[in-house]
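S.K.: For reference, this is run_2.pdb, and it has PDB, C-alpha atoms.
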MODEL        1
ATOM      1  CA  MET A   1       0.000   0.000   0.000  1.00  0.00           C
ATOM      2  CA  ASN A   2       2.856   2.337   0.862  1.00  0.00           C
ATOM      3  CA  ASN A   3       4.518   1.443  -2.421  1.00  0.00           C
ATOM      4  CA  ILE A   4       1.443   2.483  -4.383  1.00  0.00           C
ATOM      5  CA  ARG A   5       1.303   5.786  -2.506  1.00  0.00           C
ATOM      6  CA  GLU A   6       5.014   6.427  -3.181  1.00  0.00           C
ATOM      7  CA  ILE A   7       4.475   5.778  -6.918  1.00  0.00           C
ATOM      8  CA  LYS A   8       1.590   8.252  -7.041  1.00  0.00           C
ATOM      9  CA  ASP A   9       3.641  10.880  -5.234  1.00  0.00           C
ATOM     10  CA  TYR A  10       6.468  10.319  -7.689  1.00  0.00           C
ATOM     11  CA  GLN A  11       4.108  10.712 -10.637  1.00  0.00           C
ATOM     12  CA  ILE A  12       2.742  13.929  -9.190  1.00  0.00           C
ATOM     13  CA  VAL A  13       6.279  15.304  -8.879  1.00  0.00           C
ATOM     14  CA  ILE A  14       7.094  14.317 -12.472  1.00  0.00           C
ATOM     15  CA  LEU A  15       3.863  15.870 -13.682  1.00  0.00           C
ATOM     16  CA  GLY A  16       4.638  19.048 -11.802  1.00  0.00           C
ATOM     17  CA  LEU A  17       8.091  19.200 -13.290  1.00  0.00           C
ATOM     18  CA  LEU A  18       6.697  18.710 -16.814  1.00  0.00           C
ATOM     19  CA  ILE A  19       4.125  21.433 -16.254  1.00  0.00           C
ATOM     20  CA  ALA A  20       6.806  23.781 -14.946  1.00  0.00           C
ATOM     21  CA  LEU A  21       9.131  22.948 -17.864  1.00  0.00           C
ATOM     22  CA  GLY A  22       6.302  23.524 -20.331  1.00  0.00           C
ATOM     23  CA  ALA A  23       5.554  26.883 -18.772  1.00  0.00           C
ATOM     24  CA  ILE A  24       9.216  27.862 -19.023  1.00  0.00           C
ATOM     25  CA  ILE A  25       9.400  26.809 -22.676  1.00  0.00           C
ATOM     26  CA  SER A  26       6.149  28.614 -23.513  1.00  0.00           C
ATOM     27  CA  THR A  27       7.382  31.745 -21.811  1.00  0.00           C
ATOM     28  CA  PHE A  28      10.656  31.552 -23.739  1.00  0.00           C
ATOM     29  CA  VAL A  29       8.917  31.030 -27.075  1.00  0.00           C
ATOM     30  CA  LEU A  30       6.492  33.869 -26.411  1.00  0.00           C
ATOM     31  CA  ALA A  31       9.277  36.184 -25.287  1.00  0.00           C
ATOM     32  CA  HIS A  32      11.352  35.242 -28.322  1.00  0.00           C
ATOM     33  CA  GLY A  33       8.391  35.929 -30.570  1.00  0.00           C
ATOM     34  CA  ILE A  34       7.835  39.343 -28.997  1.00  0.00           C
ATOM     35  CA  VAL A  35      11.503  40.229 -29.336  1.00  0.00           C
ATOM     36  CA  SER A  36      11.559  39.039 -32.949  1.00  0.00           C
ATOM     37  CA  TYR A  37       8.444  41.074 -33.684  1.00  0.00           C
ATOM     38  CA  GLN A  38       9.953  44.141 -32.063  1.00  0.00           C
ATOM     39  CA  LYS A  39      13.164  43.668 -34.034  1.00  0.00           C
ATOM     40  CA  LEU A  40      11.170  43.334 -37.223  1.00  0.00           C
ATOM     41  CA  GLN A  41       9.301  46.512 -36.359  1.00  0.00           C
ATOM     42  CA  ASN A  42      12.579  48.377 -35.871  1.00  0.00           C
ATOM     43  CA  GLN A  43      14.207  47.132 -39.062  1.00  0.00           C
ATOM     44  CA  THR A  44      14.744  49.394 -42.053  1.00  0.00           C
ATOM     45  CA  LEU A  45      15.543  48.684 -45.660  1.00  0.00           C
ATOM     46  CA  SER A  46      17.637  50.921 -47.909  1.00  0.00           C
ATOM     47  CA  VAL A  47      17.088  50.679 -51.650  1.00  0.00           C
ATOM     48  CA  THR A  48      18.071  52.596 -54.761  1.00  0.00           C
ATOM     49  CA  GLY A  49      15.433  53.623 -57.261  1.00  0.00           C
ATOM     50  CA  SER A  50      16.001  54.982 -60.750  1.00  0.00           C
ATOM     51  CA  ALA A  51      14.061  56.519 -63.609  1.00  0.00           C
ATOM     52  CA  SER A  52      14.948  57.630 -67.141  1.00  0.00           C
ATOM     53  CA  GLN A  53      13.273  59.575 -69.904  1.00  0.00           C
ATOM     54  CA  GLU A  54      14.263  60.552 -73.429  1.00  0.00           C
ATOM     55  CA  ILE A  55      13.906  64.241 -74.252  1.00  0.00           C
ATOM     56  CA  ASN A  56      14.534  66.629 -77.128  1.00  0.00           C
ATOM     57  CA  SER A  57      16.437  69.839 -76.461  1.00  0.00           C
ATOM     58  CA  ASP A  58      14.273  72.928 -76.882  1.00  0.00           C
ATOM     59  CA  LEU A  59      16.984  75.584 -76.643  1.00  0.00           C
ATOM     60  CA  ALA A  60      19.986  75.982 -78.945  1.00  0.00           C
ATOM     61  CA  VAL A  61      22.963  78.248 -78.263  1.00  0.00           C
ATOM     62  CA  TRP A  62      25.346  79.152 -81.091  1.00  0.00           C
ATOM     63  CA  LYS A  63      28.550  81.053 -80.321  1.00  0.00           C
ATOM     64  CA  ALA A  64      31.101  82.517 -82.690  1.00  0.00           C
ATOM     65  CA  PHE A  65      33.668  85.280 -82.961  1.00  0.00           C
ATOM     66  CA  TYR A  66      35.072  87.288 -85.832  1.00  0.00           C
ATOM     67  CA  GLU A  67      38.131  89.485 -86.095  1.00  0.00           C
ATOM     68  CA  VAL A  68      39.819  92.028 -88.317  1.00  0.00           C
ATOM     69  CA  ARG A  69      43.393  93.263 -88.675  1.00  0.00           C
ATOM     70  CA  SER A  70      44.161  96.851 -89.413  1.00  0.00           C
ATOM     71  CA  LYS A  71      47.089  99.278 -89.428  1.00  0.00           C
ATOM     72  CA  ASP A  72      45.192 101.715 -87.219  1.00  0.00           C
ATOM     73  CA  LEU A  73      42.307 101.553 -84.753  1.00  0.00           C
ATOM     74  CA  LYS A  74      40.030 103.888 -86.688  1.00  0.00           C
ATOM     75  CA  SER A  75      39.918 101.757 -89.809  1.00  0.00           C
ATOM     76  CA  GLY A  76      39.854  98.638 -87.667  1.00  0.00           C
ATOM     77  CA  TYR A  77      36.695  99.733 -85.820  1.00  0.00           C
ATOM     78  CA  ALA A  78      35.093 100.765 -89.095  1.00  0.00           C
ATOM     79  CA  LYS A  79      35.716  97.297 -90.546  1.00  0.00           C
ATOM     80  CA  ILE A  80      34.538  95.334 -87.509  1.00  0.00           C
ATOM     81  CA  ASN A  81      31.358  97.435 -87.285  1.00  0.00           C
ATOM     82  CA  ALA A  82      30.704  96.734 -90.946  1.00  0.00           C
ATOM     83  CA  ASP A  83      31.271  93.008 -90.325  1.00  0.00           C
ATOM     84  CA  LYS A  84      28.864  93.151 -87.392  1.00  0.00           C
ATOM     85  CA  LYS A  85      26.114  94.501 -89.638  1.00  0.00           C
ATOM     86  CA  VAL A  86      26.791  91.838 -92.275  1.00  0.00           C
ATOM     87  CA  LEU A  87      26.671  89.091 -89.621  1.00  0.00           C
ATOM     88  CA  ASN A  88      23.535  90.465 -87.972  1.00  0.00           C
ATOM     89  CA  ASP A  89      21.749  90.666 -91.327  1.00  0.00           C
ATOM     90  CA  PHE A  90      22.845  87.108 -92.090  1.00  0.00           C
ATOM     91  CA  LEU A  91      21.402  85.837 -88.799  1.00  0.00           C
ATOM     92  CA  ILE A  92      18.081  87.630 -89.294  1.00  0.00           C
ATOM     93  CA  ALA A  93      17.844  86.312 -92.863  1.00  0.00           C
ATOM     94  CA  ASN A  94      18.294  82.789 -91.515  1.00  0.00           C
ATOM     95  CA  GLY A  95      15.380  82.925 -89.094  1.00  0.00           C
ATOM     96  CA  MET A  96      16.972  84.377 -85.963  1.00  0.00           C
ATOM     97  CA  GLN A  97      15.133  87.011 -83.932  1.00  0.00           C
ATOM     98  CA  GLN A  98      16.914  90.231 -83.008  1.00  0.00           C
ATOM     99  CA  ASN A  99      16.232  89.618 -79.314  1.00  0.00           C
ATOM    100  CA  ASP A 100      18.017  86.265 -79.593  1.00  0.00           C
ATOM    101  CA  ILE A 101      21.263  87.871 -80.840  1.00  0.00           C
ATOM    102  CA  GLN A 102      23.868  89.293 -78.476  1.00  0.00           C
ATOM    103  CA  PHE A 103      27.143  90.966 -79.426  1.00  0.00           C
ATOM    104  CA  SER A 104      29.930  91.479 -76.904  1.00  0.00           C
ATOM    105  CA  PRO A 105      32.015  94.687 -76.718  1.00  0.00           C
ATOM    106  CA  VAL A 106      34.854  94.873 -79.231  1.00  0.00           C
ATOM    107  CA  SER A 107      38.283  93.792 -77.988  1.00  0.00           C
ATOM    108  CA  SER A 108      41.423  95.322 -79.528  1.00  0.00           C
ATOM    109  CA  PHE A 109      45.047  94.258 -79.215  1.00  0.00           C
ATOM    110  CA  PRO A 110      48.206  95.823 -80.635  1.00  0.00           C
ATOM    111  CA  VAL A 111      50.319  93.720 -82.972  1.00  0.00           C
ATOM    112  CA  TYR A 112      54.065  94.357 -82.660  1.00  0.00           C
ATOM    113  CA  LYS A 113      56.667  94.058 -85.369  1.00  0.00           C
ATOM    114  CA  LYS A 114      58.907  91.043 -85.123  1.00  0.00           C
ATOM    115  CA  LEU A 115      62.651  91.254 -84.565  1.00  0.00           C
ATOM    116  CA  GLY A 116      65.114  89.143 -86.459  1.00  0.00           C
ATOM    117  CA  ASN A 117      65.268  86.651 -83.600  1.00  0.00           C
ATOM    118  CA  GLY A 118      61.493  86.111 -83.700  1.00  0.00           C
ATOM    119  CA  TYR A 119      60.679  88.153 -80.596  1.00  0.00           C
ATOM    120  CA  ASP A 120      58.313  91.105 -80.541  1.00  0.00           C
ATOM    121  CA  SER A 121      59.752  94.587 -80.802  1.00  0.00           C
ATOM    122  CA  ASN A 122      58.314  97.685 -79.125  1.00  0.00           C
ATOM    123  CA  GLU A 123      57.068  99.046 -82.451  1.00  0.00           C
ATOM    124  CA  ILE A 124      53.351  98.612 -83.172  1.00  0.00           C
ATOM    125  CA  ASP A 125      52.703  97.156 -86.593  1.00  0.00           C
ATOM    126  CA  GLY A 126      48.899  97.297 -86.423  1.00  0.00           C
ATOM    127  CA  TYR A 127      45.897  96.138 -84.441  1.00  0.00           C
ATOM    128  CA  ARG A 128      43.757  93.056 -84.137  1.00  0.00           C
ATOM    129  CA  LEU A 129      40.122  93.584 -83.218  1.00  0.00           C
ATOM    130  CA  SER A 130      37.622  90.862 -82.343  1.00  0.00           C
ATOM    131  CA  GLN A 131      34.010  90.531 -81.244  1.00  0.00           C
ATOM    132  CA  ASN A 132      31.928  87.641 -79.915  1.00  0.00           C
ATOM    133  CA  VAL A 133      28.371  86.891 -80.943  1.00  0.00           C
ATOM    134  CA  GLN A 134      25.872  84.538 -79.350  1.00  0.00           C
ATOM    135  CA  VAL A 135      22.488  83.323 -80.502  1.00  0.00           C
ATOM    136  CA  SER A 136      20.091  81.697 -78.010  1.00  0.00           C
ATOM    137  CA  SER A 137      16.901  80.457 -79.630  1.00  0.00           C
ATOM    138  CA  LYS A 138      14.121  77.936 -79.079  1.00  0.00           C
ATOM    139  CA  ASN A 139      13.904  77.536 -82.839  1.00  0.00           C
ATOM    140  CA  VAL A 140      16.398  74.702 -82.724  1.00  0.00           C
ATOM    141  CA  ASP A 141      15.886  73.650 -86.352  1.00  0.00           C
ATOM    142  CA  ALA A 142      16.598  77.183 -87.574  1.00  0.00           C
ATOM    143  CA  VAL A 143      19.805  77.406 -85.501  1.00  0.00           C
ATOM    144  CA  ASP A 144      20.978  74.059 -86.876  1.00  0.00           C
ATOM    145  CA  LYS A 145      20.355  75.201 -90.431  1.00  0.00           C
ATOM    146  CA  MET A 146      21.915  78.617 -89.886  1.00  0.00           C
ATOM    147  CA  SER A 147      25.124  77.178 -88.452  1.00  0.00           C
ATOM    148  CA  GLN A 148      25.624  75.178 -91.636  1.00  0.00           C
ATOM    149  CA  GLN A 149      25.327  78.315 -93.784  1.00  0.00           C
ATOM    150  CA  THR A 150      28.039  80.391 -92.092  1.00  0.00           C
ATOM    151  CA  VAL A 151      30.422  79.517 -94.914  1.00  0.00           C
ATOM    152  CA  GLN A 152      28.509  82.119 -96.918  1.00  0.00           C
ATOM    153  CA  LEU A 153      30.083  84.823 -94.753  1.00  0.00           C
ATOM    154  CA  VAL A 154      33.493  84.065 -96.237  1.00  0.00           C
ATOM    155  CA  ASP A 155      32.218  85.336 -99.581  1.00  0.00           C
ATOM    156  CA  LYS A 156      31.281  88.578 -97.790  1.00  0.00           C
ATOM    157  CA  ASN A 157      34.800  88.973 -96.405  1.00  0.00           C
ATOM    158  CA  VAL A 158      33.780  88.265 -92.810  1.00  0.00           C
ATOM    159  CA  GLU A 159      36.141  85.960 -90.905  1.00  0.00           C
ATOM    160  CA  VAL A 160      33.880  84.029 -88.541  1.00  0.00           C
ATOM    161  CA  THR A 161      35.023  81.178 -86.312  1.00  0.00           C
ATOM    162  CA  SER A 162      31.997  79.199 -85.169  1.00  0.00           C
ATOM    163  CA  ASN A 163      31.735  76.865 -82.179  1.00  0.00           C
ATOM    164  CA  ASN A 164      29.604  73.752 -82.010  1.00  0.00           C
ATOM    165  CA  ILE A 165      25.981  74.342 -81.096  1.00  0.00           C
ATOM    166  CA  GLU A 166      25.087  73.762 -77.441  1.00  0.00           C
ATOM    167  CA  TYR A 167      21.713  72.170 -76.729  1.00  0.00           C
ATOM    168  CA  TYR A 168      19.788  72.707 -73.504  1.00  0.00           C
ATOM    169  CA  VAL A 169      16.491  71.816 -71.857  1.00  0.00           C
ATOM    170  CA  SER A 170      14.673  74.945 -70.717  1.00  0.00           C
ATOM    171  CA  ASN A 171      12.303  73.255 -68.226  1.00  0.00           C
ATOM    172  CA  LEU A 172      14.999  71.244 -66.471  1.00  0.00           C
ATOM    173  CA  ASP A 173      13.814  72.127 -62.955  1.00  0.00           C
ATOM    174  CA  GLU A 174      10.331  70.762 -63.701  1.00  0.00           C
ATOM    175  CA  LEU A 175      11.803  67.622 -65.222  1.00  0.00           C
ATOM    176  CA  LYS A 176      14.008  67.081 -62.163  1.00  0.00           C
ATOM    177  CA  ILE A 177      10.988  67.075 -59.862  1.00  0.00           C
ATOM    178  CA  LYS A 178       9.141  64.682 -62.164  1.00  0.00           C
ATOM    179  CA  MET A 179      12.105  62.317 -62.548  1.00  0.00           C
ATOM    180  CA  LEU A 180      12.912  62.255 -58.829  1.00  0.00           C
ATOM    181  CA  ALA A 181       9.298  61.394 -58.056  1.00  0.00           C
ATOM    182  CA  ALA A 182       9.467  58.531 -60.562  1.00  0.00           C
ATOM    183  CA  ALA A 183      12.774  57.304 -59.090  1.00  0.00           C
ATOM    184  CA  THR A 184      11.294  57.398 -55.567  1.00  0.00           C
ATOM    185  CA  LYS A 185       8.305  55.365 -56.728  1.00  0.00           C
ATOM    186  CA  ASP A 186      10.683  52.846 -58.299  1.00  0.00           C
ATOM    187  CA  ALA A 187      12.602  52.608 -55.007  1.00  0.00           C
ATOM    188  CA  LYS A 188       9.371  51.825 -53.134  1.00  0.00           C
ATOM    189  CA  GLU A 189       8.380  49.141 -55.638  1.00  0.00           C
ATOM    190  CA  ARG A 190      11.795  47.527 -55.312  1.00  0.00           C
ATOM    191  CA  ALA A 191      11.535  47.595 -51.531  1.00  0.00           C
ATOM    192  CA  LYS A 192       8.075  45.967 -51.685  1.00  0.00           C
ATOM    193  CA  SER A 193       9.380  43.214 -53.937  1.00  0.00           C
ATOM    194  CA  MET A 194      12.282  42.464 -51.615  1.00  0.00           C
ATOM    195  CA  VAL A 195      10.240  42.414 -48.395  1.00  0.00           C
ATOM    196  CA  GLN A 196       7.203  40.532 -49.693  1.00  0.00           C
ATOM    197  CA  SER A 197       9.363  37.503 -50.374  1.00  0.00           C
ATOM    198  CA  THR A 198       9.963  37.245 -46.604  1.00  0.00           C
ATOM    199  CA  GLY A 199       6.332  37.852 -45.644  1.00  0.00           C
ATOM    200  CA  GLY A 200       6.896  41.407 -44.473  1.00  0.00           C
ATOM    201  CA  HIS A 201       5.421  44.704 -45.565  1.00  0.00           C
ATOM    202  CA  ILE A 202       6.836  48.129 -46.332  1.00  0.00           C
ATOM    203  CA  GLY A 203       5.944  50.939 -43.951  1.00  0.00           C
ATOM    204  CA  SER A 204       6.641  54.631 -44.219  1.00  0.00           C
ATOM    205  CA  MET A 205       9.664  56.108 -45.958  1.00  0.00           C
ATOM    206  CA  ASN A 206      12.169  57.301 -43.369  1.00  0.00           C
ATOM    207  CA  SER A 207      14.448  59.233 -45.687  1.00  0.00           C
ATOM    208  CA  ALA A 208      15.214  59.895 -49.324  1.00  0.00           C
ATOM    209  CA  LYS A 209      18.365  61.295 -50.841  1.00  0.00           C
ATOM    210  CA  MET A 210      18.877  62.348 -54.436  1.00  0.00           C
ATOM    211  CA  GLY A 211      21.663  60.467 -56.132  1.00  0.00           C
ATOM    212  CA  VAL A 212      23.456  61.285 -59.363  1.00  0.00           C
ATOM    213  CA  PHE A 213      21.411  63.217 -61.927  1.00  0.00           C
ATOM    214  CA  GLN A 214      22.632  62.639 -65.473  1.00  0.00           C
ATOM    215  CA  ILE A 215      21.702  64.228 -68.796  1.00  0.00           C
ATOM    216  CA  VAL A 216      23.467  62.287 -71.504  1.00  0.00           C
ATOM    217  CA  ALA A 217      23.179  61.704 -75.228  1.00  0.00           C
ATOM    218  CA  LYS A 218      20.202  59.520 -76.152  1.00  0.00           C
ATOM    219  CA  ASP A 219      22.197  56.325 -76.739  1.00  0.00           C
ATOM    220  CA  SER A 220      25.014  57.063 -74.314  1.00  0.00           C
ATOM    221  CA  THR A 221      26.056  54.820 -71.430  1.00  0.00           C
ATOM    222  CA  ASP A 222      28.227  57.487 -69.776  1.00  0.00           C
ATOM    223  CA  VAL A 223      28.120  57.630 -65.981  1.00  0.00           C
ATOM    224  CA  SER A 224      29.835  60.027 -63.587  1.00  0.00           C
ATOM    225  CA  ASP A 225      29.872  60.271 -59.795  1.00  0.00           C
ATOM    226  CA  TYR A 226      29.463  64.029 -60.151  1.00  0.00           C
ATOM    227  CA  GLY A 227      26.667  64.006 -62.720  1.00  0.00           C
ATOM    228  CA  ILE A 228      26.695  64.841 -66.420  1.00  0.00           C
ATOM    229  CA  TYR A 229      25.027  67.525 -68.489  1.00  0.00           C
ATOM    230  CA  ASN A 230      25.717  66.786 -72.130  1.00  0.00           C
ATOM    231  CA  THR A 231      25.229  69.921 -74.243  1.00  0.00           C
ATOM    232  CA  SER A 232      26.578  68.606 -77.538  1.00  0.00           C
ATOM    233  CA  ALA A 233      23.697  66.194 -78.256  1.00  0.00           C
ATOM    234  CA  ARG A 234      20.309  67.525 -79.312  1.00  0.00           C
ATOM    235  CA  TYR A 235      18.501  64.317 -78.357  1.00  0.00           C
ATOM    236  CA  LYS A 236      19.156  63.397 -74.762  1.00  0.00           C
ATOM    237  CA  LYS A 237      18.226  61.016 -71.975  1.00  0.00           C
ATOM    238  CA  ILE A 238      17.699  62.006 -68.351  1.00  0.00           C
ATOM    239  CA  ASN A 239      18.682  59.518 -65.652  1.00  0.00           C
ATOM    240  CA  ALA A 240      17.673  60.143 -62.024  1.00  0.00           C
ATOM    241  CA  VAL A 241      18.635  58.114 -58.956  1.00  0.00           C
ATOM    242  CA  VAL A 242      17.144  58.199 -55.443  1.00  0.00           C
ATOM    243  CA  ASN A 243      18.440  56.408 -52.351  1.00  0.00           C
ATOM    244  CA  ALA A 244      15.513  55.748 -49.999  1.00  0.00           C
ATOM    245  CA  THR A 245      15.065  54.053 -46.613  1.00  0.00           C
ATOM    246  CA  PHE A 246      11.792  52.356 -45.573  1.00  0.00           C
ATOM    247  CA  THR A 247      10.582  50.807 -42.330  1.00  0.00           C
ATOM    248  CA  ILE A 248       9.528  47.166 -42.339  1.00  0.00           C
ATOM    249  CA  LYS A 249       6.319  46.085 -40.633  1.00  0.00           C
TER
ENDMDL
END
Could you rewrite the structure in this file as structure tokens?

M.R.:
Amino acid sequence: MNNIREIKDYQIVILGLLIALGAIISTFVLAHGIVSYQKLQNQTLSVTGSASQEINSDLAVWKAFYEVRSKDLKSGYAKINADKKVLNDFLIANGMQQNDIQFSPVSSFPVYKKLGNGYDSNEIDGYRLSQNVQVSSKNVDAVDKMSQQTVQLVDKNVEVTSNNIEYYVSNLDELKIKMLAAATKDAKERAKSMVQSTGGHIGSMNSAKMGVFQIVAKDSTDVSDYGIYNTSARYKKINAVVNATFTIK
């Protein structure tokens, strides 16, 4: 009889130990789950989003300069003023508006006679006068066509040295805002894709930082850490990058 009672007491002790052990394990699992949940709530994810768009330049800038050489300043100024009128008439005849044309002040430099050893002497042999001209127009086609006709000025005894046309985008600030918004949206979509595979969800955006903003030729693959603004290509592509950080919930 005593043996039976001892067995029952032993079983009660074992049962108590199992219950206590189960409570400990349950508490540990629950605590671990809470900690894991809290860690998940405090996690953030940093992603990079990008966006690109092809654009056509709507502003063309043509720059050139012309010069004359003369024995004296009086005749030199008379010649360069005459050349200015010829050039201005040429630009107007080729579709440029007077408000789009800007002439710089005339620059003049003395030209000294050469000594036998090739060095300049102190005796003035004449003068060289030059003037810059710039055309800024939204009539890009007309500027392109005009720049190809400048050879006609040679026949009019005007020595013009023309630079390559520079092409710009006049509404660049508006495009920046649009492209950065698109890059931010792309960053969020990338973050969603990454987190959904683990069963999580994207929360609010903690921060966003603009990355490199590039304006390159349409088919270019050029990249620079400092950004690029290509002005030699009429047809361009804008690339915007945003680095964003999201909370995970």

S.K.: Return as a PyMOL selection string the set of residues that the PyMOL selection byres ((chain A and resi 66-77) around 7) yields on the displayed structure.

M.R.: chain A and resi 64-65+78-81+125-132+159-161

S.K.: Any chance you could work out the residue set of the PyMOL selection byres ((chain A and resi 58) around 12) here, as a VMD selection string?

M.R.: chain A and resid 55 to 57 59 to 61 136 to 143 166 to 172 231 233 to 236

S.K.: What gap, in Å, lies between CA of Ser224 (chain A) and CA of Val241 (chain A)?

M.R.: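 So the answer is 12.3 Å.
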
S.K.: Separation of CA of Gly227 (chain A) and CA of Met210 (chain A), in Å?

M.R.: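 Interatomic distance, CA of Gly227 (chain A) to CA of Met210 (chain A): 11.5 Å.
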
S.K.: Which of these, A:Ile215, A:Val223, A:Val111, A:Ile202, has the shortest distance to Leu175 (chain A) once you count only C-alpha atoms?

M.R.: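 Of all the options, A:Ile215 lies closest to Leu175 (chain A).
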
S.K.: Anything within 12 Å of (29.8, 83.3, -91.7): list those residues as a ChimeraX atom specification, counting only C-alpha atoms and sticking to the file's coordinates.

M.R.: /A:63-67,83-91,94,133,146-163

S.K.: Could you save those same residues with C-alpha atoms as a PDB file, keeping the file's coordinate frame?

M.R.:
ATOM      1  CA  LYS A  63      28.550  81.053 -80.321  1.00  0.00           C
ATOM      2  CA  ALA A  64      31.101  82.517 -82.690  1.00  0.00           C
ATOM      3  CA  PHE A  65      33.668  85.280 -82.961  1.00  0.00           C
ATOM      4  CA  TYR A  66      35.072  87.288 -85.832  1.00  0.00           C
ATOM      5  CA  GLU A  67      38.131  89.485 -86.095  1.00  0.00           C
ATOM      6  CA  ASP A  83      31.271  93.008 -90.325  1.00  0.00           C
ATOM      7  CA  LYS A  84      28.864  93.151 -87.392  1.00  0.00           C
ATOM      8  CA  LYS A  85      26.114  94.501 -89.638  1.00  0.00           C
ATOM      9  CA  VAL A  86      26.791  91.838 -92.275  1.00  0.00           C
ATOM     10  CA  LEU A  87      26.671  89.091 -89.621  1.00  0.00           C
ATOM     11  CA  ASN A  88      23.535  90.465 -87.972  1.00  0.00           C
ATOM     12  CA  ASP A  89      21.749  90.666 -91.327  1.00  0.00           C
ATOM     13  CA  PHE A  90      22.845  87.108 -92.090  1.00  0.00           C
ATOM     14  CA  LEU A  91      21.402  85.837 -88.799  1.00  0.00           C
ATOM     15  CA  ASN A  94      18.294  82.789 -91.515  1.00  0.00           C
ATOM     16  CA  VAL A 133      28.371  86.891 -80.943  1.00  0.00           C
ATOM     17  CA  MET A 146      21.915  78.617 -89.886  1.00  0.00           C
ATOM     18  CA  SER A 147      25.124  77.178 -88.452  1.00  0.00           C
ATOM     19  CA  GLN A 148      25.624  75.178 -91.636  1.00  0.00           C
ATOM     20  CA  GLN A 149      25.327  78.315 -93.784  1.00  0.00           C
ATOM     21  CA  THR A 150      28.039  80.391 -92.092  1.00  0.00           C
ATOM     22  CA  VAL A 151      30.422  79.517 -94.914  1.00  0.00           C
ATOM     23  CA  GLN A 152      28.509  82.119 -96.918  1.00  0.00           C
ATOM     24  CA  LEU A 153      30.083  84.823 -94.753  1.00  0.00           C
ATOM     25  CA  VAL A 154      33.493  84.065 -96.237  1.00  0.00           C
ATOM     26  CA  ASP A 155      32.218  85.336 -99.581  1.00  0.00           C
ATOM     27  CA  LYS A 156      31.281  88.578 -97.790  1.00  0.00           C
ATOM     28  CA  ASN A 157      34.800  88.973 -96.405  1.00  0.00           C
ATOM     29  CA  VAL A 158      33.780  88.265 -92.810  1.00  0.00           C
ATOM     30  CA  GLU A 159      36.141  85.960 -90.905  1.00  0.00           C
ATOM     31  CA  VAL A 160      33.880  84.029 -88.541  1.00  0.00           C
ATOM     32  CA  THR A 161      35.023  81.178 -86.312  1.00  0.00           C
ATOM     33  CA  SER A 162      31.997  79.199 -85.169  1.00  0.00           C
ATOM     34  CA  ASN A 163      31.735  76.865 -82.179  1.00  0.00           C
TER      35      ASN A 163
END

S.K.: Would you list the contacts of region 176-179 of chain A as a list in words, taking every protein, DNA or RNA residue within 8 Å and counting all atoms listed in the file, but skipping same-chain residues closer than 3 positions in sequence?

M.R.: Ala51, Ser52, Gln53, Leu172, Asp173, Ala182, Ala183, Asn239 and Ala240 of chain A
